[in-house]
Every structure is written in C-alpha cells, then in structure tokens.
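Q: Below is one structure. I have some questions about it.
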Amino acid sequence: MNSKQKYVIISALILLAAVLIWWLASGGEILSKDGIWVDQEISELDKALGLEPQKVYQEKFILGLLPHTAVISGIIVFVSAILFFIFKSKKTKEKK
Amino acid sequence: MKTIIKTSILLLVAVSMSFAQGFKVKASGEQTFNFEDKRNQVKFFSTTPLEDITGISNDVKGKVTLDVTDVKNMKGSIIISVASIKTAIDLRDEHLRSDNWLSADAYPEITFAVKNVGDVKVLEDNKIEAKVTGDFTVRGVTKETVAVVTLTYLDASEQTAQYAPGDLLGVQAKFNIALSNFEVENMVVGQKVADEIEITATLRGSNAK
C-alpha cells in the first residue's frame, strides 16, 4: 500500500465518520422523513370538551440511515475503491 | 321483611342507574351533531420492534344523532378520507394509498357507523363514557368493532362559539383493529407494520343548523 492509497483510505474513513455523525445529529432515524408530528398545546375549550392533545404535521426533512445516508456511504466506498485501485495500478506501472 | 326492603332498594338503585344514561345539560330531546371542524383528527398507530408509525388524518367528517337524556339510542357515522392520511414519509403515504394497502382509489373512505351503545357510565353531568359498537369499514371490508368513547356535552356559550355556533359535543374514542381482518395482507405486516393498529379519534361536533 502506497502513501496515496493510505490517503484514500483515511479520507474515506473520515468522510464515513462525518456521514455517521451527520445521521446521528439528524435524529438517528432509520428511514428518512419528510415531516414530523409535533404535539399541539391543548386549548381550554378542548379540555372542556374532554379531548386529548393532538398532533400537528410540520414539513421537515430528517435524514435517515435509509436510503440517503446508505447511498452517500456507498458512493464514498465506491469512489474510494476506484481511487485505491487506480493508485495501485499507477504504482505497479512505475515499478515496471 | 328485611329481604323485601333490601330487594326493593336494590331494584330502585338498578332502575335509577338504568335511567341515568344521558347528559344533565340545558339541552333536551334529540340532537344532531355535525363533525366538520378541520381540527378533528383520527390517529392510526402501529408499533413493531423495527419501527413505530403514526398516521394522522385531519379530513374527518360525520354526523351523530343522540337523545340528550339517553345516549343509548345514538346513531350516526364518521368518515375518514384515506388520501388524507399522512405518516411523515411521502413515499410511505403513496404506498399506503396503493392497492397493496388501503386502495384509496377504489375505497376512498374509511367509515365507522354506530350500531349500538352499551356500558354507559355517567362521569359528570356533561360527560359520559360508553362502549360504542359500530361497523368499521376499511377497503370495503366491514367488521363489527367496539370503541371506548368519552362524550362531553357543552351547552352553547361564548366559549363554545370560538369553535362553532350551537352546542358542542366532544368525542374522544379509542379502539384497535387487526389489518388482516380487513384483507390488508402485505408482506411487511407483522414486521415493519403491526397487524394490530390502535385508532384514536378526537372530534368536535356542533348541533347548529
């Protein structure tokens, strides 16, 4: 393994770690979501009507492990693998 | 003699209890409540080890007629638009509307039609809890379902006018269904989606004409 290949592997690991942190910071959801349900504060009249608190839909994209993070990770691994082999073949050529 | 007195007292209590199955409010007689408030909500909840899913519809309409002093004669139905159910994932909403799930094009509505009311408990003068048996229809399949329902009656006032003119009826209902009973047999049922779905309805109706 030459220095360029090492650089590719380290870069790939850093990028994968960044994607993992990004996913965890986004809520660590398995599936990406297009919105969230937010608990609505119950009004006095709803209380008087014996009703329970409701939820309100809010549009908000939440990154999920599937499919977005998995696709990004896949691309990183794929590109890193290609670069790894490109640098390997260059080294082999140089030796020859 | 003691036995006769005891029996009479028990009978009186039983008779009085059997009559105390309505609201003690200003209104009287038969009242029809229309549920057209856009705040009305029906929630579907599925829980599996893999994922919890909440689906909510705010397109809920219906009509209920009841005798204020005897809710046992309540009749009516509640209708939910299948297309309006949101689960917070647009793609999943599309799947939900497809033929593999609820077939929204062929069966655009989910309905609950009240058949009878039992186990009536008067919680307060204007609040009653009861078990409401009704025909629940999903995907064109109808099954008898029992919902635990709390009904709260509010006479018209300045406060109730915030929502609608006339008297208001609050309905808080909960019941469970099995998807397999309604011919919703998808390969992910039991894995990502539970077969048993908890349904909660939060409704406000007005008797204004």
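Convention: chains lettered A, B, ... in structure tokens order; per-chain residue numbering from 1; ligands numbered from 1 as shown.
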Dump as a PyMOL selection string the residues of chain B that approach chain A to within 6 Å, counting only C-alpha atoms.

A: chain B and resi 88-89+152+170+172

Q: Going by DSSP on the backbone, which bits of chain B are strand (DSSP E)? Write them as JSON, numbers by chain, please.

A: {"B": [30, 31, 32, 33, 34, 35, 41, 42, 43, 44, 45, 46, 47, 52, 53, 54, 55, 56, 57, 60, 61, 62, 63, 64, 65, 66, 67, 70, 71, 72, 73, 74, 75, 76, 77, 78, 79, 80, 81, 109, 110, 111, 112, 113, 114, 115, 116, 117, 118, 119, 120, 121, 122, 123, 124, 127, 128, 129, 130, 131, 132, 133, 134, 135, 136, 137, 138, 141, 142, 143, 144, 145, 146, 147, 148, 149, 150, 151, 152, 153, 154, 168, 169, 170, 171, 172, 173, 174, 175, 176, 177, 178, 196, 197, 198, 199, 200, 201, 202, 203, 204, 205, 206]}

Q: CA of Val122 in chain B and CA of Gly22 in chain B, how far apart in Å?

A: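 Atom-to-atom, CA of Gly22 in chain B and CA of Val122 in chain B are spaced 7.3 Å apart.
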
Q: Show which residues sit within 10 Å of Ser46 in chain B, as a list in words. Count only C-alpha atoms, and ignore same-chain residues fewer than 4 positions away.

A: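 That gives Glu51, Asp52, Ile53, Thr54, Gly55, Gly190, Lys192, Val193, Ala194, Asp195, Glu196, Ile197, Glu198 and Ile199 of chain B.
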
Q: The selected residues should be written to file as a compact mmCIF listing (two decimals), in the first residue's frame (atoms: C-alpha atoms).

A:
# COMPACT_ATOMS: atom_id res chain seq x y z
CA GLU B 51 -40.44 0.90 13.77
CA ASP B 52 -43.30 2.91 15.29
CA ILE B 53 -45.57 4.50 12.70
CA THR B 54 -48.11 7.26 13.33
CA GLY B 55 -50.60 8.06 10.59
CA GLY B 190 -46.03 -8.03 11.27
CA LYS B 192 -42.37 -3.02 9.79
CA VAL B 193 -46.12 -2.55 10.25
CA ALA B 194 -48.04 -4.18 13.09
CA ASP B 195 -51.12 -6.24 12.31
CA GLU B 196 -52.88 -4.61 15.24
CA ILE B 197 -53.43 -0.90 14.74
CA GLU B 198 -54.56 1.43 17.52
CA ILE B 199 -57.01 4.06 16.35

Q: Excluding same-chain residues fewer than 6 positions from Ala70 in chain A, what lies within 12 Å of it counting only C-alpha atoms, as number ranges by chain?

A: A: 16, 19-20, 23, 30-32, 63-64, 76-78

Q: One decimal, in Å: what's the spacing between CA of Phe112 in chain B and CA of Ala156 in chain B?

A: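 Going from CA of Phe112 in chain B over to CA of Ala156 in chain B covers 26.9 Å.
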
Q: So what do you get for CA of Asn207 in chain B versus CA of Gln31 in chain B, distance-wise?

A: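 That distance, rounded to one decimal, is 6.6 Å.
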
Q: For range 96-108 of chain B, work out the shell of residues within 7 Å, counting only C-alpha atoms and skipping chain neighbours fewer than 2 positions away, then give it as a VMD selection string.

A: chain B and resid 81 to 83 92 to 94 139 to 140 184 186

Q: Once you have the residues from the selection above, write them out as a PDB file, in the first residue's frame, restricted to C-alpha atoms.

A:
ATOM      1  CA  SER B  81     -60.602  10.246   3.749  1.00  0.00           C
ATOM      2  CA  VAL B  82     -57.889   7.638   3.006  1.00  0.00           C
ATOM      3  CA  ALA B  83     -55.985  10.068   0.777  1.00  0.00           C
ATOM      4  CA  ARG B  92     -44.876   5.627   2.524  1.00  0.00           C
ATOM      5  CA  ASP B  93     -48.083   7.694   2.117  1.00  0.00           C
ATOM      6  CA  GLU B  94     -48.073   6.735  -1.564  1.00  0.00           C
ATOM      7  CA  ARG B 139     -61.014  -1.398   1.871  1.00  0.00           C
ATOM      8  CA  GLY B 140     -64.692  -2.223   1.507  1.00  0.00           C
ATOM      9  CA  VAL B 184     -54.761  -5.853   4.218  1.00  0.00           C
ATOM     10  CA  ASN B 186     -48.893  -7.177   2.898  1.00  0.00           C
TER      11      ASN B 186
END
